[in-house]
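Shown here: model35.cif, mmCIF, C-alpha atoms.
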data_my_file
#
loop_
_atom_site.group_PDB
_atom_site.id
_atom_site.type_symbol
_atom_site.label_atom_id
_atom_site.label_comp_id
_atom_site.auth_asym_id
_atom_site.auth_seq_id
_atom_site.Cartn_x
_atom_site.Cartn_y
_atom_site.Cartn_z
ATOM 1 C CA MET A 1 103.246 120.242 131.782
ATOM 2 C CA ALA A 2 106.628 118.592 131.219
ATOM 3 C CA ILE A 3 106.648 115.130 129.668
ATOM 4 C CA GLN A 4 108.207 112.536 131.949
ATOM 5 C CA GLU A 5 111.473 111.151 130.620
ATOM 6 C CA THR A 6 111.574 107.413 129.961
ATOM 7 C CA PRO A 7 114.279 104.982 128.784
ATOM 8 C CA VAL A 8 112.723 105.189 125.303
ATOM 9 C CA SER A 9 112.720 109.005 125.217
ATOM 10 C CA ARG A 10 116.352 109.077 126.399
ATOM 11 C CA ARG A 11 117.398 106.593 123.734
ATOM 12 C CA LEU A 12 115.511 108.394 120.952
ATOM 13 C CA LYS A 13 116.398 111.946 121.969
ATOM 14 C CA SER A 14 118.647 112.274 118.894
ATOM 15 C CA VAL A 15 116.106 110.817 116.449
ATOM 16 C CA ARG A 16 114.521 113.713 114.545
ATOM 17 C CA HIS A 17 111.637 111.994 112.750
ATOM 18 C CA VAL A 18 109.864 108.663 113.341
ATOM 19 C CA ILE A 19 107.849 107.442 110.345
ATOM 20 C CA ILE A 20 105.467 104.556 111.068
ATOM 21 C CA VAL A 21 104.526 102.552 107.962
ATOM 22 C CA CYS A 22 101.224 100.729 108.341
ATOM 23 C CA SER A 23 98.518 99.000 106.333
ATOM 24 C CA GLY A 24 95.071 97.674 107.036
ATOM 25 C CA LYS A 25 95.833 94.201 105.697
ATOM 26 C CA GLY A 26 98.707 91.948 104.738
ATOM 27 C CA GLY A 27 99.980 91.346 101.238
ATOM 28 C CA VAL A 28 100.004 94.983 100.083
ATOM 29 C CA GLY A 29 103.807 95.258 100.020
ATOM 30 C CA LYS A 30 104.149 97.319 103.191
ATOM 31 C CA SER A 31 107.555 95.897 104.118
ATOM 32 C CA SER A 32 108.976 96.458 100.643
ATOM 33 C CA VAL A 33 107.688 100.058 100.746
ATOM 34 C CA SER A 34 109.297 100.496 104.197
ATOM 35 C CA VAL A 35 112.630 99.229 102.889
ATOM 36 C CA GLN A 36 112.395 101.462 99.811
ATOM 37 C CA LEU A 37 111.589 104.514 101.953
ATOM 38 C CA ALA A 38 114.641 103.794 104.108
ATOM 39 C CA LEU A 39 116.887 103.302 101.062
ATOM 40 C CA SER A 40 115.620 106.464 99.381
ATOM 41 C CA LEU A 41 115.932 108.560 102.555
ATOM 42 C CA HIS A 42 119.478 107.220 102.884
ATOM 43 C CA ALA A 43 120.213 108.322 99.308
ATOM 44 C CA SER A 44 118.487 111.709 99.699
ATOM 45 C CA SER A 45 121.614 113.264 101.215
ATOM 46 C CA PRO A 46 125.241 112.158 101.621
ATOM 47 C CA THR A 47 124.905 112.832 105.346
ATOM 48 C CA ALA A 48 121.384 111.459 105.992
ATOM 49 C CA ARG A 49 121.342 108.931 108.833
ATOM 50 C CA VAL A 50 118.467 106.464 108.675
ATOM 51 C CA GLY A 51 117.232 103.593 110.830
ATOM 52 C CA ILE A 52 114.677 100.940 109.978
ATOM 53 C CA LEU A 53 112.945 99.052 112.787
ATOM 54 C CA ASP A 54 111.040 95.877 111.930
ATOM 55 C CA VAL A 55 108.288 95.340 114.519
ATOM 56 C CA ASP A 56 106.484 92.749 112.412
ATOM 57 C CA LEU A 57 107.571 90.244 115.047
ATOM 58 C CA THR A 58 105.915 87.127 113.626
ATOM 59 C CA GLY A 59 106.886 87.852 110.021
ATOM 60 C CA PRO A 60 110.218 89.726 109.961
ATOM 61 C CA SER A 61 111.204 90.233 106.325
ATOM 62 C CA VAL A 62 113.360 93.371 106.424
ATOM 63 C CA PRO A 63 116.670 91.494 106.997
ATOM 64 C CA ARG A 64 116.090 89.377 103.893
ATOM 65 C CA MET A 65 115.125 92.359 101.748
ATOM 66 C CA LEU A 66 118.269 94.264 102.755
ATOM 67 C CA GLY A 67 120.503 91.240 102.196
ATOM 68 C CA LEU A 68 121.241 90.970 105.921
ATOM 69 C CA ASP A 69 120.118 87.385 106.517
ATOM 70 C CA GLY A 70 122.581 85.550 108.749
ATOM 71 C CA HIS A 71 123.811 88.695 110.451
ATOM 72 C CA GLY A 72 123.836 88.719 114.253
ATOM 73 C CA VAL A 73 123.237 91.489 116.772
ATOM 74 C CA HIS A 74 126.150 92.429 119.020
ATOM 75 C CA GLN A 75 125.920 93.640 122.597
ATOM 76 C CA SER A 76 127.915 96.666 123.736
ATOM 77 C CA SER A 77 128.223 98.471 127.054
ATOM 78 C CA ASP A 78 125.655 100.949 125.717
ATOM 79 C CA GLY A 79 123.116 98.415 124.469
ATOM 80 C CA TRP A 80 122.448 96.413 121.325
ATOM 81 C CA VAL A 81 124.330 97.531 118.228
ATOM 82 C CA PRO A 82 122.018 97.680 115.195
ATOM 83 C CA VAL A 83 123.032 95.943 111.995
ATOM 84 C CA TYR A 84 124.249 98.407 109.374
ATOM 85 C CA ALA A 85 123.257 97.730 105.773
ATOM 86 C CA ASP A 86 125.988 100.022 104.417
ATOM 87 C CA ALA A 87 128.834 98.972 106.728
ATOM 88 C CA ARG A 88 131.471 98.589 104.048
ATOM 89 C CA GLY A 89 134.546 100.623 103.168
ATOM 90 C CA ASP A 90 135.998 103.505 105.142
ATOM 91 C CA SER A 91 132.874 105.696 105.175
ATOM 92 C CA GLU A 92 130.738 105.917 108.304
ATOM 93 C CA PRO A 93 127.646 103.644 108.080
ATOM 94 C CA ARG A 94 124.345 105.529 107.872
ATOM 95 C CA LEU A 95 121.636 102.851 107.493
ATOM 96 C CA ALA A 96 120.901 101.003 110.749
ATOM 97 C CA CYS A 97 118.513 98.063 110.957
ATOM 98 C CA MET A 98 116.980 96.095 113.818
ATOM 99 C CA SER A 99 114.631 93.115 113.585
ATOM 100 C CA VAL A 100 113.666 90.055 115.580
ATOM 101 C CA GLY A 101 114.937 88.161 112.537
ATOM 102 C CA PHE A 102 118.481 88.839 113.744
ATOM 103 C CA LEU A 103 117.721 87.140 117.067
ATOM 104 C CA LEU A 104 116.390 83.820 115.765
ATOM 105 C CA LYS A 105 118.669 80.776 115.888
ATOM 106 C CA LYS A 106 117.319 79.702 112.515
ATOM 107 C CA LYS A 107 115.605 82.091 110.120
ATOM 108 C CA GLY A 108 112.805 79.548 109.619
ATOM 109 C CA ASP A 109 111.935 79.476 113.318
ATOM 110 C CA SER A 110 108.458 80.738 114.200
ATOM 111 C CA VAL A 111 107.842 83.441 116.793
ATOM 112 C CA VAL A 112 105.035 82.199 119.047
ATOM 113 C CA TRP A 113 104.531 84.997 121.556
ATOM 114 C CA ARG A 114 101.561 86.394 123.436
ATOM 115 C CA GLY A 115 100.930 90.125 123.776
ATOM 116 C CA PRO A 116 103.107 90.789 126.879
ATOM 117 C CA LYS A 117 106.180 89.204 125.260
ATOM 118 C CA LYS A 118 105.629 91.239 122.079
ATOM 119 C CA ASN A 119 105.243 94.401 124.160
ATOM 120 C CA ALA A 120 108.518 93.705 125.988
ATOM 121 C CA MET A 121 110.359 93.083 122.718
ATOM 122 C CA ILE A 122 109.152 96.348 121.175
ATOM 123 C CA ARG A 123 110.130 98.251 124.313
ATOM 124 C CA GLN A 124 113.583 96.676 124.173
ATOM 125 C CA PHE A 125 114.004 97.587 120.502
ATOM 126 C CA LEU A 126 113.238 101.214 121.330
ATOM 127 C CA SER A 127 115.073 101.560 124.635
ATOM 128 C CA ASP A 128 118.037 99.173 124.393
ATOM 129 C CA VAL A 129 119.203 99.586 120.776
ATOM 130 C CA ARG A 130 122.019 102.067 120.252
ATOM 131 C CA TRP A 131 120.313 104.078 117.515
ATOM 132 C CA GLY A 132 122.494 107.175 117.953
ATOM 133 C CA ASP A 133 121.865 110.284 115.851
ATOM 134 C CA LEU A 134 119.225 109.598 113.204
ATOM 135 C CA ASP A 135 117.455 111.913 110.810
ATOM 136 C CA TYR A 136 114.751 109.333 110.166
ATOM 137 C CA LEU A 137 113.609 106.136 111.873
ATOM 138 C CA VAL A 138 111.287 104.113 109.612
ATOM 139 C CA VAL A 139 109.141 101.610 111.528
ATOM 140 C CA ASP A 140 107.711 98.657 109.607
ATOM 141 C CA THR A 141 104.617 97.453 111.475
ATOM 142 C CA PRO A 142 102.562 94.266 111.073
ATOM 143 C CA PRO A 143 99.262 94.355 109.165
ATOM 144 C CA GLY A 144 96.157 95.664 110.874
ATOM 145 C CA THR A 145 95.868 97.558 114.159
ATOM 146 C CA SER A 146 96.858 95.107 116.861
ATOM 147 C CA ASP A 147 98.934 94.748 120.038
ATOM 148 C CA GLU A 148 102.145 95.789 118.297
ATOM 149 C CA HIS A 149 100.708 99.116 117.176
ATOM 150 C CA LEU A 150 99.305 99.953 120.590
ATOM 151 C CA SER A 151 102.537 98.969 122.342
ATOM 152 C CA LEU A 152 104.584 100.981 119.858
ATOM 153 C CA LEU A 153 102.560 104.151 120.332
ATOM 154 C CA GLU A 154 102.475 103.701 124.106
ATOM 155 C CA HIS A 155 106.273 103.517 124.313
ATOM 156 C CA LEU A 156 106.699 106.368 121.806
ATOM 157 C CA ALA A 157 104.307 108.679 123.675
ATOM 158 C CA PRO A 158 107.138 110.861 125.082
ATOM 159 C CA VAL A 159 108.301 111.615 121.510
ATOM 160 C CA HIS A 160 104.790 111.902 120.030
ATOM 161 C CA SER A 161 105.577 115.278 118.468
ATOM 162 C CA ARG A 162 108.078 113.554 116.168
ATOM 163 C CA LEU A 163 105.749 110.778 115.018
ATOM 164 C CA SER A 164 103.944 110.484 111.698
ATOM 165 C CA ALA A 165 102.511 107.672 109.588
ATOM 166 C CA VAL A 166 102.423 106.489 105.995
ATOM 167 C CA ILE A 167 99.566 104.209 104.935
ATOM 168 C CA VAL A 168 100.154 101.607 102.213
ATOM 169 C CA THR A 169 97.340 100.066 100.194
ATOM 170 C CA THR A 170 96.689 98.409 96.855
ATOM 171 C CA PRO A 171 94.041 99.676 94.407
ATOM 172 C CA GLN A 172 91.305 97.039 94.854
ATOM 173 C CA ALA A 173 88.224 97.728 96.942
ATOM 174 C CA VAL A 174 88.919 95.074 99.622
ATOM 175 C CA ALA A 175 92.361 96.550 100.388
ATOM 176 C CA LEU A 176 90.971 100.094 100.422
ATOM 177 C CA LEU A 177 88.327 99.092 102.951
ATOM 178 C CA ASP A 178 91.038 97.841 105.303
ATOM 179 C CA ALA A 179 93.158 100.925 104.621
ATOM 180 C CA MET A 180 90.212 103.004 105.816
ATOM 181 C CA LYS A 181 90.314 101.102 109.119
ATOM 182 C CA CYS A 182 94.002 101.890 109.382
ATOM 183 C CA LEU A 183 93.269 105.571 108.756
ATOM 184 C CA SER A 184 90.545 105.448 111.404
ATOM 185 C CA PHE A 185 93.106 104.033 113.855
ATOM 186 C CA THR A 186 95.567 106.888 113.216
ATOM 187 C CA ARG A 187 92.797 109.405 113.893
ATOM 188 C CA ALA A 188 91.775 107.622 117.094
ATOM 189 C CA VAL A 189 95.326 107.815 118.481
ATOM 190 C CA ALA A 190 96.066 111.311 117.067
ATOM 191 C CA LEU A 191 98.837 110.029 114.797
ATOM 192 C CA PRO A 192 99.331 112.447 111.884
ATOM 193 C CA VAL A 193 99.321 110.863 108.431
ATOM 194 C CA LEU A 194 101.911 112.078 105.935
ATOM 195 C CA GLY A 195 100.031 110.450 103.105
ATOM 196 C CA LEU A 196 98.906 107.315 101.319
ATOM 197 C CA ILE A 197 100.876 105.188 98.847
ATOM 198 C CA GLU A 198 99.080 102.995 96.330
ATOM 199 C CA ASN A 199 101.325 99.971 95.808
ATOM 200 C CA MET A 200 101.055 97.355 93.041
ATOM 201 C CA SER A 201 99.285 99.948 90.933
ATOM 202 C CA GLY A 202 99.524 98.193 87.598
ATOM 203 C CA TYR A 203 102.189 96.064 85.968
ATOM 204 C CA VAL A 204 104.677 97.457 83.465
ATOM 205 C CA CYS A 205 105.735 94.865 80.892
ATOM 206 C CA PRO A 206 109.562 94.728 80.887
ATOM 207 C CA CYS A 207 109.529 93.906 77.154
ATOM 208 C CA CYS A 208 107.167 96.474 75.622
ATOM 209 C CA GLY A 209 106.563 98.901 78.489
ATOM 210 C CA GLU A 210 102.762 98.524 78.341
ATOM 211 C CA LEU A 211 100.979 99.203 81.653
ATOM 212 C CA SER A 212 98.323 96.658 82.652
ATOM 213 C CA ASN A 213 96.054 97.346 85.642
ATOM 214 C CA VAL A 214 96.195 93.940 87.328
ATOM 215 C CA PHE A 215 93.876 94.818 90.214
ATOM 216 C CA SER A 216 92.285 98.162 89.328
ATOM 217 C CA THR A 217 93.528 101.732 89.327
ATOM 218 C CA GLY A 218 92.966 105.050 91.045
ATOM 219 C CA GLY A 219 91.410 103.663 94.224
ATOM 220 C CA GLY A 220 94.132 105.001 96.491
ATOM 221 C CA ALA A 221 94.043 108.479 94.983
ATOM 222 C CA GLU A 222 90.250 108.612 95.274
ATOM 223 C CA MET A 223 90.319 107.485 98.911
ATOM 224 C CA ALA A 224 92.975 110.086 99.742
ATOM 225 C CA ARG A 225 90.902 112.830 98.058
ATOM 226 C CA ARG A 226 87.734 111.771 99.844
ATOM 227 C CA GLU A 227 89.388 111.589 103.280
ATOM 228 C CA GLY A 228 91.503 114.728 102.909
ATOM 229 C CA VAL A 229 94.800 112.807 103.130
ATOM 230 C CA PRO A 230 97.777 113.629 100.869
ATOM 231 C CA PHE A 231 98.224 111.122 98.053
ATOM 232 C CA LEU A 232 101.959 110.455 97.838
ATOM 233 C CA GLY A 233 101.982 108.423 94.656
ATOM 234 C CA SER A 234 101.489 105.073 92.931
ATOM 235 C CA MET A 235 103.990 102.227 92.708
ATOM 236 C CA PRO A 236 103.501 99.693 89.880
ATOM 237 C CA ILE A 237 104.701 96.100 90.192
ATOM 238 C CA ASP A 238 108.405 96.161 89.353
ATOM 239 C CA THR A 239 109.835 92.748 88.438
ATOM 240 C CA GLU A 240 113.361 94.110 88.774
ATOM 241 C CA LEU A 241 112.659 95.199 92.352
ATOM 242 C CA VAL A 242 111.048 91.840 93.206
ATOM 243 C CA THR A 243 114.113 90.020 91.906
ATOM 244 C CA LEU A 244 116.451 92.303 93.842
ATOM 245 C CA LEU A 245 114.685 92.020 97.205
ATOM 246 C CA ASP A 246 114.196 88.248 96.844
ATOM 247 C CA ALA A 247 117.682 87.479 95.573
ATOM 248 C CA ALA A 248 119.638 87.599 98.850
ATOM 249 C CA GLU A 249 121.370 84.252 99.215
ATOM 250 C CA SER A 250 121.484 82.412 102.484
ATOM 251 C CA THR A 251 124.684 82.707 104.446
ATOM 252 C CA ASP A 252 126.689 79.514 104.688
ATOM 253 C CA GLN A 253 125.737 78.208 108.140
ATOM 254 C CA SER A 254 129.026 76.297 108.392
ATOM 255 C CA ALA A 255 130.997 79.536 108.183
ATOM 256 C CA THR A 256 132.272 81.300 111.269
ATOM 257 C CA ASP A 257 130.423 84.305 112.687
ATOM 258 C CA GLY A 258 133.008 86.651 111.211
ATOM 259 C CA GLN A 259 132.733 85.074 107.762
ATOM 260 C CA GLN A 260 128.918 85.227 107.915
ATOM 261 C CA ASP A 261 128.953 88.920 108.878
ATOM 262 C CA GLU A 262 131.425 89.753 106.105
ATOM 263 C CA ALA A 263 129.366 87.898 103.474
ATOM 264 C CA SER A 264 126.215 89.638 104.696
ATOM 265 C CA GLU A 265 127.879 93.058 104.461
ATOM 266 C CA VAL A 266 128.854 92.407 100.839
ATOM 267 C CA ARG A 267 125.268 91.378 99.935
ATOM 268 C CA SER A 268 123.608 94.289 101.717
ATOM 269 C CA PHE A 269 125.977 96.820 100.187
ATOM 270 C CA GLY A 270 125.140 95.365 96.776
ATOM 271 C CA VAL A 271 121.402 95.793 97.432
ATOM 272 C CA LEU A 272 121.936 99.501 98.136
ATOM 273 C CA GLN A 273 123.881 99.973 94.913
ATOM 274 C CA ARG A 274 121.561 97.977 92.651
ATOM 275 C CA TYR A 275 118.369 99.442 94.065
ATOM 276 C CA GLN A 276 119.215 102.913 92.793
ATOM 277 C CA LYS A 277 119.159 101.537 89.226
ATOM 278 C CA THR A 278 115.582 100.228 89.417
ATOM 279 C CA SER A 279 112.568 102.111 88.072
ATOM 280 C CA SER A 280 110.991 101.924 91.539
ATOM 281 C CA ALA A 281 113.871 103.952 92.989
ATOM 282 C CA LYS A 282 112.927 106.920 90.788
ATOM 283 C CA LEU A 283 109.262 106.725 91.822
ATOM 284 C CA ILE A 284 109.947 106.360 95.540
ATOM 285 C CA SER A 285 112.455 109.226 95.329
ATOM 286 C CA ALA A 286 109.641 111.563 94.260
ATOM 287 C CA ILE A 287 107.513 110.251 97.141
ATOM 288 C CA VAL A 288 110.354 110.838 99.614
ATOM 289 C CA GLU A 289 110.738 114.421 98.393
ATOM 290 C CA LYS A 290 107.081 114.981 99.273
ATOM 291 C CA LEU A 291 107.600 113.355 102.676
ATOM 292 C CA ILE A 292 110.618 115.482 103.528
ATOM 293 C CA SER A 293 108.825 118.682 102.534
ATOM 294 C CA THR A 294 105.659 117.704 104.451
ATOM 295 C CA LEU A 295 107.268 116.528 107.711
ATOM 296 C CA PRO A 296 107.954 119.977 109.261
ATOM 297 C CA SER A 297 104.402 121.280 108.761
ATOM 298 C CA VAL A 298 102.813 118.055 110.022
ATOM 299 C CA GLU A 299 104.968 117.975 113.152
ATOM 300 C CA HIS A 300 104.463 121.716 113.773
ATOM 301 C CA ALA A 301 100.696 121.228 113.616
ATOM 302 C CA LEU A 302 100.988 118.318 116.046
ATOM 303 C CA VAL A 303 102.984 120.415 118.523
ATOM 304 C CA SER A 304 100.475 123.280 118.223
ATOM 305 C CA ASN A 305 97.537 120.952 118.865
ATOM 306 C CA SER A 306 99.301 119.407 121.873
ATOM 307 C CA SER A 307 99.978 122.775 123.464
ATOM 308 C CA ALA A 308 96.507 124.167 122.758
#
What is this file in structure tokens?
Amino acid sequence: MAIQETPVSRRLKSVRHVIIVCSGKGGVGKSSVSVQLALSLHASSPTARVGILDVDLTGPSVPRMLGLDGHGVHQSSDGWVPVYADARGDSEPRLACMSVGFLLKKKGDSVVWRGPKKNAMIRQFLSDVRWGDLDYLVVDTPPGTSDEHLSLLEHLAPVHSRLSAVIVTTPQAVALLDAMKCLSFTRAVALPVLGLIENMSGYVCPCCGELSNVFSTGGGAEMARREGVPFLGSMPIDTELVTLLDAAESTDQSATDGQQDEASEVRSFGVLQRYQKTSSAKLISAIVEKLISTLPSVEHALVSNSSA
């Protein structure tokens, strides 16, 4: 039976892979992992085209992490134009970003919306943004399994064969318990899981290089083994990465729109360049290699199960 075409399926017809990053609880570094996945996928090939969609509507942090604070979204005849983190120089931009953070009058404004308004915003992000040809669309979701997740999967149903998930946790038992709930959710909605990432897995001293297990260690790997989910790798706390993602300066609000956009482009381009020099970039690169090699088999299995 043919799947009915929708505005979302038409808009995403040229998006090859949609990777949904989720976690069972907040504070595990899910957004920073999402940003790192997008940056590493962008660097994986000189032609790779990547999008990152921030559907954490009440806590949008992706613009800040990419150095895009103060950037506005422009309307075109074909829909909203995403903000490009690498829009600098003569080369064609390849890293598109969309977030409710770009739509706020002030970045400190709260988003006080009920479920229907959140649902409409997610639908608009998927159907009205001019994503174009993308190899990967990374979706940063809010913590837990709430309205946003259900709305997202409902609107993405026509492209379900291209969906997969990455679960982020930290090593301690409380976080792992919530990660199990997240895994249970993916199974309930038939969302294939590419694997699990254990974030904040120890702290490497920048002076002596000694690794200290701040929370605990090995919990993510053990959970993945027990549940039959691929373990993608561990990410220790990286002070250099924290400094980089936190260091984006606010755009001068007295500047004109053009001056703000230009300043934002300089900052975001700098984030891309400096990130590749961090120790986290090397670790996430190995994780991305696993993701890229796993995606075809996971999606093939999903198609086979759907047609069975």
Which polymer residues have any atom within 9 Å of an atom of region 116-132 of chain A, counting all atoms listed in the file, with same-chain residues fewer than 6 positions away left out, as a compact mmCIF listing (two decimals) with C-alpha atoms, in the coordinates of the input?
# COMPACT_ATOMS: atom_id res chain seq x y z
CA THR A 6 111.57 107.41 129.96
CA PRO A 7 114.28 104.98 128.78
CA VAL A 8 112.72 105.19 125.30
CA SER A 9 112.72 109.00 125.22
CA ARG A 10 116.35 109.08 126.40
CA ARG A 11 117.40 106.59 123.73
CA LEU A 12 115.51 108.39 120.95
CA LYS A 13 116.40 111.95 121.97
CA SER A 14 118.65 112.27 118.89
CA VAL A 15 116.11 110.82 116.45
CA GLY A 51 117.23 103.59 110.83
CA LEU A 53 112.94 99.05 112.79
CA VAL A 55 108.29 95.34 114.52
CA LEU A 57 107.57 90.24 115.05
CA SER A 76 127.92 96.67 123.74
CA ASP A 78 125.66 100.95 125.72
CA GLY A 79 123.12 98.42 124.47
CA TRP A 80 122.45 96.41 121.32
CA VAL A 81 124.33 97.53 118.23
CA PRO A 82 122.02 97.68 115.20
CA ALA A 96 120.90 101.00 110.75
CA MET A 98 116.98 96.10 113.82
CA SER A 99 114.63 93.12 113.58
CA VAL A 100 113.67 90.06 115.58
CA ASP A 147 98.93 94.75 120.04
CA GLU A 148 102.14 95.79 118.30
CA LEU A 150 99.30 99.95 120.59
CA SER A 151 102.54 98.97 122.34
CA LEU A 152 104.58 100.98 119.86
CA HIS A 155 106.27 103.52 124.31
CA LEU A 156 106.70 106.37 121.81
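Among the candidates A:Ser23, A:Leu232, A:Asp246, A:Gly218, the residue lying nearest to Arg64 (chain A) is A:Asp246 (atoms considered: all atoms listed in the file).
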*Selection dump of the PyMOL selection byres ((chain A and resi 189) around 12), as an NGL selection string*: :A and (145 or 149-150 or 152-154 or 156-157 or 160 or 163-165 or 182-188 or 190-193)
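Closest approach to Leu95 (chain A) from the set A:Asp109, A:Asp140, A:Asp133, A:Glu198 is made by A:Asp133, with distances taken over only C-alpha atoms.
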*Nearby residues (only C-alpha atoms) at most 8 Å from Val18 (chain A), same-chain spacing under 5 positions excluded, as a ChimeraX atom specification*: /A:136-139,162-164
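Relative to CA of Val35 (chain A), CA of Met223 (chain A) is found at 24.1 Å.
Nearest residue to Val204 (chain A), choosing from A:Leu176, A:Ile237, A:Cys97, A:Leu37 and counting only C-alpha atoms: A:Ile237.
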*asked:* Please list as a ChimeraX atom specification every residue within 8 Å of Asp178 (chain A), counting all atoms listed in the file and excluding residues in the same chain fewer than 5 positions away.
replied: /A:23-25,144
*How would you write, as JSON, numbers by chain, the residues chosen by the PyMOL selection byres ((chain A and resi 289) around 12) on this structure?*
{"A": [37, 40, 41, 43, 44, 45, 194, 232, 233, 282, 283, 284, 285, 286, 287, 288, 290, 291, 292, 293, 294, 295]}
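A straight line drawn from CA of Arg16 (chain A) to CA of Leu272 (chain A) is 22.9 Å long.
One finds CA of Pro60 (chain A) at 24.1 Å from CA of Gly195 (chain A).
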*asked:* Which residue is closest to Gly219 (chain A)? Choose from A:Leu104, A:Ala38, A:Leu177, A:Val50 and count all atoms listed in the file.
replied: A:Leu177
*Using the chain letters and residue numbers of this document, give as an MDAnalysis selection string the residues selected by the PyMOL selection byres ((chain A and resi 211) around 12).*
chainID A and resid 200:210 212:217 235:238
Write out as lines of an AutoDock Vina configuration file an axis-aligned box for region 78-82 of chain A: all of its atoms listed in the file, 4 Å added on each side, centre and edge lengths in Å with one decimal.
center_x = 123.8
center_y = 98.7
center_z = 120.5
size_x = 11.6
size_y = 12.5
size_z = 18.5
